[in-house]
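Asker: Structure file work_39.cif (mmCIF, C-alpha atoms and all ligand atoms) is given on the next line.
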```cif
data_run
loop_
_atom_site.label_atom_id
_atom_site.label_comp_id
_atom_site.auth_asym_id
_atom_site.auth_seq_id
_atom_site.Cartn_x
_atom_site.Cartn_y
_atom_site.Cartn_z
CA MET A 1 12.75 18.99 1.40
CA PRO A 2 9.09 20.00 0.78
CA VAL A 3 6.76 17.09 1.59
CA GLU A 4 3.54 18.63 0.22
CA GLU A 5 4.52 17.45 -3.29
CA PHE A 6 4.69 13.85 -2.06
CA VAL A 7 1.25 14.02 -0.40
CA ALA A 8 -0.37 15.80 -3.36
CA GLY A 9 1.27 13.35 -5.77
CA TRP A 10 -0.12 10.37 -3.88
CA ILE A 11 -3.76 11.55 -3.73
CA SER A 12 -3.84 12.85 -7.31
CA GLY A 13 -2.36 9.56 -8.55
CA ALA A 14 -5.11 7.53 -6.84
CA VAL A 15 -7.84 9.66 -8.43
CA GLY A 16 -6.33 9.17 -11.91
CA LEU A 17 -5.81 5.47 -11.39
CA ILE A 18 -9.44 4.65 -10.56
CA LEU A 19 -10.61 6.61 -13.60
CA GLY A 20 -8.25 4.91 -16.06
CA HIS A 21 -8.04 1.29 -14.85
CA PRO A 22 -10.76 -0.31 -17.04
CA LEU A 23 -9.13 1.04 -20.23
CA ASP A 24 -5.73 -0.05 -18.91
CA THR A 25 -6.97 -3.64 -18.50
CA VAL A 26 -8.22 -3.77 -22.10
CA LYS A 27 -4.91 -2.31 -23.32
CA VAL A 28 -2.77 -4.83 -21.38
CA ARG A 29 -4.82 -7.73 -22.76
CA LEU A 30 -4.52 -6.48 -26.34
CA GLN A 31 -0.75 -6.04 -25.95
CA THR A 32 -0.09 -9.50 -24.54
CA GLN A 33 -2.80 -11.85 -25.85
CA ASN A 34 -3.47 -12.60 -29.49
CA THR A 35 -7.03 -13.84 -28.96
CA TYR A 36 -8.81 -10.52 -29.50
CA ARG A 37 -9.72 -8.95 -32.86
CA GLY A 38 -9.63 -5.42 -31.44
CA ILE A 39 -10.79 -3.11 -28.66
CA VAL A 40 -14.54 -3.81 -29.06
CA ASP A 41 -13.99 -7.58 -29.23
CA CYS A 42 -11.86 -7.47 -26.07
CA VAL A 43 -14.44 -5.35 -24.20
CA ILE A 44 -17.31 -7.68 -25.20
CA LYS A 45 -15.43 -10.89 -24.34
CA THR A 46 -14.24 -9.51 -21.01
CA TYR A 47 -17.73 -8.36 -20.06
CA ARG A 48 -19.43 -11.64 -21.13
CA ARG A 49 -16.92 -13.86 -19.34
CA GLU A 50 -16.01 -11.83 -16.28
CA SER A 51 -18.78 -9.18 -15.94
CA VAL A 52 -17.89 -5.55 -15.25
CA LEU A 53 -15.55 -6.72 -12.45
CA GLY A 54 -13.18 -8.11 -15.11
CA PHE A 55 -12.18 -4.54 -16.04
CA PHE A 56 -11.14 -3.82 -12.46
CA LYS A 57 -8.89 -6.86 -12.03
CA GLY A 58 -5.54 -5.97 -10.50
CA MET A 59 -6.71 -2.54 -9.27
CA SER A 60 -6.56 -2.98 -5.49
CA PHE A 61 -2.79 -3.29 -5.36
CA PRO A 62 -2.02 -0.19 -7.48
CA ILE A 63 -4.43 1.84 -5.30
CA GLY A 64 -2.13 1.13 -2.35
CA SER A 65 1.12 1.33 -4.29
CA VAL A 66 0.18 4.58 -6.06
CA ALA A 67 0.88 6.20 -2.69
CA VAL A 68 4.53 5.25 -3.07
CA VAL A 69 4.87 5.51 -6.83
CA ASN A 70 3.12 8.80 -7.55
CA SER A 71 4.51 10.55 -4.52
CA VAL A 72 7.99 9.40 -5.58
CA LEU A 73 7.31 10.71 -9.10
CA PHE A 74 6.00 14.15 -8.15
CA GLY A 75 8.22 14.50 -5.09
CA THR A 76 11.41 13.60 -7.00
CA TYR A 77 10.44 15.86 -9.90
CA SER A 78 9.76 18.88 -7.72
CA ASN A 79 12.81 18.40 -5.54
CA SER A 80 15.12 17.76 -8.53
CA LEU A 81 13.83 20.94 -10.13
CA LEU A 82 14.40 22.79 -6.87
CA LEU A 83 18.01 21.59 -6.89
CA LEU A 84 18.54 22.49 -10.55
CA SER A 85 16.80 25.87 -10.57
CA SER A 86 16.79 26.91 -6.88
CA THR A 87 13.16 28.09 -7.04
CA SER A 88 10.15 26.66 -5.21
CA HIS A 89 7.04 25.22 -6.89
CA GLN A 90 4.99 28.39 -6.28
CA ALA A 91 7.80 30.78 -7.32
CA ARG A 92 8.36 28.82 -10.56
CA LYS A 93 4.75 29.46 -11.63
CA THR A 94 5.45 33.18 -12.00
CA GLN A 95 8.73 33.00 -13.97
CA PRO A 96 9.46 31.65 -17.47
CA PRO A 97 10.25 27.93 -17.23
CA ASN A 98 13.72 26.57 -18.00
CA TYR A 99 12.79 23.71 -20.34
CA GLY A 100 16.18 21.99 -20.04
CA HIS A 101 15.84 21.80 -16.25
CA ILE A 102 12.25 20.58 -16.52
CA PHE A 103 13.16 17.78 -18.93
CA VAL A 104 16.13 16.64 -16.80
CA ALA A 105 14.12 16.76 -13.54
CA GLY A 106 11.24 14.84 -15.19
CA SER A 107 13.63 12.20 -16.54
CA ILE A 108 15.28 11.76 -13.12
CA ALA A 109 11.82 11.35 -11.57
CA GLY A 110 10.84 8.85 -14.29
CA PHE A 111 13.98 6.80 -13.69
CA VAL A 112 13.48 6.68 -9.90
CA GLN A 113 9.74 5.94 -10.03
CA ALA A 114 10.23 3.13 -12.60
CA TYR A 115 12.22 1.13 -10.06
CA CYS A 116 9.57 1.62 -7.36
CA LEU A 117 6.80 0.84 -9.84
CA ALA A 118 8.32 -2.34 -11.33
CA PRO A 119 7.04 -5.02 -8.88
CA PHE A 120 3.62 -3.37 -8.43
CA ASP A 121 3.17 -2.99 -12.18
CA LEU A 122 4.19 -6.61 -12.81
CA ILE A 123 1.57 -7.89 -10.33
CA LYS A 124 -1.07 -5.62 -11.87
CA VAL A 125 -0.32 -6.89 -15.39
CA ARG A 126 -0.37 -10.57 -14.30
CA LEU A 127 -3.75 -10.11 -12.55
CA GLN A 128 -5.21 -8.13 -15.45
CA ASN A 129 -4.31 -10.98 -17.79
CA GLN A 130 -6.29 -13.58 -15.85
CA THR A 131 -9.40 -14.03 -17.95
CA GLU A 132 -11.14 -16.67 -15.81
CA PRO A 133 -14.51 -15.68 -14.34
CA ARG A 134 -14.81 -15.34 -10.54
CA ALA A 135 -14.08 -18.59 -8.65
CA ARG A 136 -17.19 -20.78 -8.43
CA PRO A 137 -17.63 -24.49 -7.61
CA GLY A 138 -16.86 -26.49 -10.74
CA VAL A 139 -14.89 -23.67 -12.41
CA ALA A 140 -11.09 -23.95 -12.39
CA PRO A 141 -9.67 -21.16 -10.19
CA SER A 142 -7.29 -18.51 -11.54
CA GLN A 143 -3.58 -19.07 -11.05
CA TYR A 144 -3.34 -16.07 -8.71
CA ARG A 145 -5.99 -15.55 -5.99
CA GLY A 146 -5.09 -11.89 -5.43
CA PRO A 147 -2.13 -9.48 -5.30
CA LEU A 148 -0.44 -10.97 -2.25
CA HIS A 149 -0.90 -14.54 -3.47
CA CYS A 150 0.50 -13.39 -6.84
CA ALA A 151 3.58 -11.83 -5.17
CA ARG A 152 4.18 -14.96 -3.05
CA THR A 153 3.79 -17.28 -6.06
CA ILE A 154 6.21 -15.23 -8.18
CA LEU A 155 8.74 -15.20 -5.33
CA ARG A 156 8.43 -18.96 -4.91
CA GLU A 157 8.42 -19.92 -8.60
CA GLU A 158 10.61 -17.26 -10.19
CA GLY A 159 12.67 -15.90 -7.29
CA PRO A 160 13.00 -12.21 -6.24
CA GLN A 161 14.24 -11.28 -9.72
CA GLY A 162 10.87 -12.53 -11.04
CA LEU A 163 9.23 -9.46 -9.46
CA PHE A 164 11.52 -7.23 -11.55
CA ARG A 165 10.88 -8.94 -14.89
CA GLY A 166 10.46 -6.22 -17.52
CA ALA A 167 11.98 -3.58 -15.20
CA TRP A 168 14.55 -2.50 -17.80
CA ALA A 169 11.85 -1.92 -20.39
CA LEU A 170 9.94 0.07 -17.78
CA VAL A 171 12.98 2.24 -16.97
CA LEU A 172 13.64 2.84 -20.68
CA ARG A 173 9.95 3.64 -21.19
CA ASP A 174 9.65 6.07 -18.30
CA THR A 175 12.96 7.98 -18.20
CA PRO A 176 12.60 10.05 -21.39
CA THR A 177 8.79 10.02 -21.56
CA LEU A 178 8.41 11.48 -18.08
CA GLY A 179 10.83 14.23 -19.09
CA LEU A 180 8.43 14.88 -21.96
CA TYR A 181 5.41 14.59 -19.64
CA PHE A 182 6.52 17.41 -17.32
CA LEU A 183 7.92 19.45 -20.23
CA THR A 184 4.52 19.40 -21.98
CA TYR A 185 2.64 20.17 -18.76
CA GLU A 186 4.84 23.10 -17.68
CA GLY A 187 5.18 24.44 -21.26
CA LEU A 188 1.43 24.41 -21.94
CA SER A 189 0.58 25.79 -18.49
CA TRP A 190 2.95 28.70 -19.06
CA TRP A 191 1.71 29.29 -22.59
CA LEU A 192 -1.97 29.24 -21.59
CA THR A 193 -1.53 31.48 -18.55
CA SER A 194 -1.16 35.24 -18.82
CA ASP A 195 2.04 36.76 -17.40
CA SER A 196 2.84 36.31 -13.70
CA LYS A 197 -0.49 34.63 -12.87
CA GLU A 198 -0.93 31.11 -11.51
CA PRO A 199 -2.55 28.60 -13.91
CA GLY A 200 -6.34 28.27 -13.59
CA SER A 201 -8.33 25.01 -13.36
CA ALA A 202 -9.06 24.80 -17.11
CA THR A 203 -5.35 25.27 -17.87
CA MET A 204 -4.39 22.46 -15.45
CA LEU A 205 -6.92 20.10 -17.07
CA VAL A 206 -5.87 20.88 -20.66
CA ALA A 207 -2.10 20.91 -19.98
CA GLY A 208 -2.35 17.71 -17.88
CA GLY A 209 -4.43 15.97 -20.54
CA PHE A 210 -1.98 16.81 -23.34
CA ALA A 211 1.01 15.89 -21.17
CA GLY A 212 -0.63 12.47 -20.76
CA ILE A 213 -1.36 12.03 -24.48
CA ILE A 214 2.12 13.07 -25.66
CA SER A 215 4.00 11.00 -23.09
CA TRP A 216 1.84 7.87 -23.52
CA THR A 217 1.96 8.06 -27.32
CA THR A 218 5.76 8.04 -27.24
CA ALA A 219 5.82 5.43 -24.47
CA THR A 220 3.64 2.88 -26.29
CA PRO A 221 6.37 0.87 -28.16
CA LEU A 222 8.28 0.18 -24.92
CA ASP A 223 4.99 -0.31 -23.07
CA VAL A 224 4.25 -3.28 -25.37
CA VAL A 225 7.74 -4.75 -24.79
CA LYS A 226 7.43 -4.22 -21.02
CA ALA A 227 4.04 -5.98 -20.83
CA ARG A 228 5.33 -8.95 -22.86
CA MET A 229 8.46 -9.26 -20.73
CA GLN A 230 6.32 -9.14 -17.57
CA MET A 231 4.13 -12.00 -18.83
CA ASP A 232 7.12 -14.03 -19.95
CA GLY A 233 8.37 -16.85 -17.77
CA LEU A 234 4.94 -17.90 -16.56
CA LYS A 235 5.23 -21.39 -18.01
CA GLN A 236 8.34 -21.29 -20.13
CA ARG A 237 10.70 -18.41 -21.01
CA GLU A 238 9.94 -17.15 -24.51
CA TYR A 239 12.36 -14.22 -24.69
CA ARG A 240 16.09 -14.15 -23.88
CA GLY A 241 15.92 -10.44 -23.01
CA LEU A 242 14.56 -7.06 -24.01
CA LEU A 243 16.18 -6.98 -27.46
CA ASP A 244 15.11 -10.53 -28.22
CA CYS A 245 11.53 -9.62 -27.23
CA MET A 246 11.59 -6.63 -29.61
CA VAL A 247 13.09 -8.60 -32.52
CA SER A 248 10.91 -11.68 -32.20
CA SER A 249 7.70 -9.65 -31.66
CA ALA A 250 8.47 -7.60 -34.80
CA ARG A 251 9.38 -10.74 -36.79
CA GLN A 252 6.22 -12.61 -35.83
CA GLU A 253 3.70 -9.75 -35.94
CA GLY A 254 5.32 -7.00 -38.03
CA PRO A 255 6.32 -3.49 -36.88
CA GLY A 256 2.68 -2.66 -36.09
CA VAL A 257 3.08 -4.72 -32.91
CA PHE A 258 4.81 -1.74 -31.24
CA PHE A 259 1.65 0.32 -31.60
CA LYS A 260 -0.70 -2.17 -29.94
CA GLY A 261 -2.73 -0.30 -27.35
CA LEU A 262 -1.83 3.13 -28.80
CA THR A 263 -5.46 4.23 -29.16
CA LEU A 264 -6.32 3.10 -25.63
CA ASN A 265 -3.16 4.56 -24.14
CA SER A 266 -3.96 7.95 -25.67
CA ALA A 267 -7.70 7.83 -24.89
CA ARG A 268 -7.00 6.91 -21.27
CA ALA A 269 -4.14 9.40 -20.94
CA PHE A 270 -6.20 12.59 -21.38
CA PRO A 271 -8.79 12.23 -18.58
CA VAL A 272 -6.40 10.41 -16.22
CA ASN A 273 -3.67 13.03 -16.41
CA ALA A 274 -6.07 15.97 -16.57
CA VAL A 275 -7.50 14.96 -13.16
CA THR A 276 -4.05 13.97 -11.86
CA PHE A 277 -2.55 17.44 -12.47
CA PHE A 278 -5.77 19.22 -11.50
CA SER A 279 -5.91 17.51 -8.11
CA TYR A 280 -2.12 17.76 -7.66
CA GLU A 281 -2.06 21.54 -8.18
CA HIS A 282 -5.15 22.18 -6.01
CA LEU A 283 -3.87 19.92 -3.21
CA LEU A 284 -0.52 21.72 -3.27
CA ARG A 285 -2.25 25.07 -2.90
CA LEU A 286 -4.28 23.66 -0.01
CA LEU A 287 -1.27 22.16 1.73
CA SER A 288 1.23 25.00 1.35
C1 LIG B 1 4.17 7.90 -20.20
N1 LIG B 1 4.13 7.63 -18.81
C2 LIG B 1 4.74 6.41 -18.36
C3 LIG B 1 3.55 8.53 -17.94
N2 LIG B 1 3.08 9.57 -18.33
N3 LIG B 1 3.58 8.23 -16.66
C4 LIG B 1 3.03 9.10 -15.66
C5 LIG B 1 1.87 8.38 -15.11
C6 LIG B 1 0.71 9.26 -14.90
C7 LIG B 1 -0.57 8.52 -14.65
N4 LIG B 1 -0.51 7.79 -13.41
C8 LIG B 1 -0.96 7.58 -15.78
O1 LIG B 1 -1.08 6.38 -15.53
O2 LIG B 1 -1.18 8.02 -16.89
#
```
Please rewrite the model in this file as structure tokens.
Ligand SMILES: CN(C)C(=N)NCCC[C@H](N)C(=O)O
Answerer:
Amino acid sequence: MPVEEFVAGWISGAVGLILGHPLDTVKVRLQTQNTYRGIVDCVIKTYRRESVLGFFKGMSFPIGSVAVVNSVLFGTYSNSLLLLSSTSHQARKTQPPNYGHIFVAGSIAGFVQAYCLAPFDLIKVRLQNQTEPRARPGVAPSQYRGPLHCARTILREEGPQGLFRGAWALVLRDTPTLGLYFLTYEGLSWWLTSDSKEPGSATMLVAGGFAGIISWTTATPLDVVKARMQMDGLKQREYRGLLDCMVSSARQEGPGVFFKGLTLNSARAFPVNAVTFFSYEHLLRLLS
């Protein structure tokens, strides 16, 4: 089993994560809190109350976990494709892609990574939603003091299953959309590259950026449901399950609720996934 894909997936994921985290924080807040009038209002309120550090809440844990999650994603994708098509990563670049294989391998990778991602993503979302300024004497402290304290508190108050709240929505979000993610990337790379040549840097950036936009645009409705399920159960359970969350969100806020965060998801997706694929491909060339 080639391990270069796992290493390249880890490093490229960390680069993308740092770049996209501030926009991700604003998106999560808009999806789960009804106190903001829109993106600009959320940015201003976050900055005034929490300073620039507010946008980076919940980032330290994903930086560590991205090692597991992104290497699982890229490693599972590449190795599933190897099993389905019996050609290596480098050999595949010079032959026409089999889009069926790519979609299936991407979906398998999405399914597997969603399970690894679930507890890390839940902790990230809970920390991103803490709007209190930094702890100071006289100011009430946040419920969670950091990622480990957050994990311990969830385990104590909600049990081990608390760490997997929203995991089904995450699996449903990631299985087909990661099929689409790799399909768009490989399709565009092939289309933009002349016959039997390896894709150049510009191609990696453009194909990666569009793969991000297309997959995140289609993932947004379940992304909203996932974030709401992850925040549920903090004080009192609001939703009986995934379907109940969908129905009651739509009833209370109209169908537009499923598109909350769409602009931010798409705006964040281009640069994050352009650099993710760019660094992934270059690291692979360096390592193999
Ligand atoms: C639509 N979905 C869930 C994805 N395309 N997932 C792949 C994640 C890539 C990158 N770390 C990011 O956060 O955009």
Asker: All residues within 6 Å of ligand LIG 1 (chain B) are required, counting all atoms listed in the file; please report them as a list in words.
Answerer: Gly13, Asp174, Thr177, Leu178, Tyr181, Gly212, Ser215, Trp216, Ala219, Ala269, Val272 and Asn273 of chain A
Asker: Looking at A:Pro255, A:Gly20, A:Pro62, A:Pro176, which one is nearest to Leu117 (chain A), with distances taken over all atoms listed in the file?
Answerer: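 Between A:Pro255, A:Gly20, A:Pro62, A:Pro176, the residue approaching Leu117 (chain A) most closely is A:Pro62.
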Asker: Please, what distance in Å, to one decimal, runs between CA of Gly256 (chain A) and CA of Gly110 (chain A)?
Answerer: 26.0 Å
Asker: Name the residues within 10 Å of (-6.6, 3.7, -15.4), counting all atoms listed in the file in the file's coordinates, and put them as a compact mmCIF listing (two decimals) with C-alpha atoms, in the frame of the given file.
Answerer:
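Resulting contents of part36.txt:
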```
# COMPACT_ATOMS: atom_id res chain seq x y z
CA GLY A 13 -2.36 9.56 -8.55
CA ALA A 14 -5.11 7.53 -6.84
CA VAL A 15 -7.84 9.66 -8.43
CA GLY A 16 -6.33 9.17 -11.91
CA LEU A 17 -5.81 5.47 -11.39
CA ILE A 18 -9.44 4.65 -10.56
CA LEU A 19 -10.61 6.61 -13.60
CA GLY A 20 -8.25 4.91 -16.06
CA HIS A 21 -8.04 1.29 -14.85
CA PRO A 22 -10.76 -0.31 -17.04
CA LEU A 23 -9.13 1.04 -20.23
CA ASP A 24 -5.73 -0.05 -18.91
CA THR A 25 -6.97 -3.64 -18.50
CA PHE A 55 -12.18 -4.54 -16.04
CA PHE A 56 -11.14 -3.82 -12.46
CA MET A 59 -6.71 -2.54 -9.27
CA PRO A 62 -2.02 -0.19 -7.48
CA ASN A 265 -3.16 4.56 -24.14
CA ARG A 268 -7.00 6.91 -21.27
CA ALA A 269 -4.14 9.40 -20.94
CA PRO A 271 -8.79 12.23 -18.58
CA VAL A 272 -6.40 10.41 -16.22
CA ASN A 273 -3.67 13.03 -16.41
```
Asker: Pick out the closest residue to Leu284 (chain A) from this set: A:Ile123, A:Cys42, A:Ile11, A:Leu183. Count only C-alpha atoms.
Answerer: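 So, comparing all the options, the nearest one is A:Ile11.
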Asker: Each side padded by 6 Å, which centre and which edge lengths in Å (one decimal) define the axis-aligned box around the listed atoms of region 212-218 of chain A? Give them as AutoDock Vina command-line options.
Answerer:
```
--center_x 2.2 --center_y 10.5 --center_z -24.0 --size_x 19.1 --size_y 17.2 --size_z 18.6
```
Asker: Given the choices A:Met231, A:Ala267, A:Phe61, A:Glu4, which gets closest to Leu286 (chain A) if the distance is worked out from all atoms listed in the file?
Answerer: A:Glu4
Asker: Looking at only C-alpha atoms, which of A:Leu170, A:Ala227, A:Asp195, A:Lys57 is the one that sits closest to Ser142 (chain A)?
Answerer: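 Counting only C-alpha atoms, the residue closest to Ser142 (chain A) is A:Lys57.
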Asker: As an exercise, work out the distance from CA of Thr76 (chain A) to CA of Gln113 (chain A) in Å and give it to one decimal place.
Answerer: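 Atom-to-atom, CA of Thr76 (chain A) and CA of Gln113 (chain A) are spaced 8.4 Å apart.
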Asker: Excluding same-chain residues fewer than 4 positions from Gly233 (chain A), what lies within 10 Å of it counting all atoms listed in the file, as a list in words?
Answerer: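 Those residues are Ile154, Glu157, Glu158, Gly162, Arg165, Arg228, Met229, Arg237, Glu238 and Tyr239 of chain A.
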Asker: Rounded to one decimal place, report the CA of Ser189 (chain A)-CA of Ile63 (chain A) distance in Å.
Answerer: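 Answer for the CA of Ser189 (chain A) to CA of Ile63 (chain A) separation: 27.8 Å.
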Asker: Find the residues near Arg145 (chain A): any atom within 12 Å, counting only C-alpha atoms, skip ones fewer than 4 places away on the same chain, and give them as a list in words.
Answerer: Lys57, Gly58, Ile123, Arg126, Leu127, Gln130, Glu132, Pro133, Arg134, Ala135, Ala140, Pro141, His149, Cys150, Ala151, Arg152 and Thr153 of chain A
Asker: Return the single residue from A:Ser194, A:Phe270, A:Gln31, A:Ser248 that is closest to Gly209 (chain A), with distances computed using only C-alpha atoms.
Answerer: A:Phe270
Asker: Tell me which protein, DNA and RNA residues are within 10 Å of Val40 (chain A), counting all atoms listed in the file, leaving out same-chain ones fewer than 5 positions away, and put them as number ranges by chain.
Answerer: A: 26, 45-46
Asker: Pick the closest to Ser51 (chain A) from A:Leu163, A:Thr131, A:Val206, A:Gln252: which is it, counting only C-alpha atoms?
Answerer: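 Using only C-alpha atoms, the shortest distance to Ser51 (chain A) belongs to A:Thr131.
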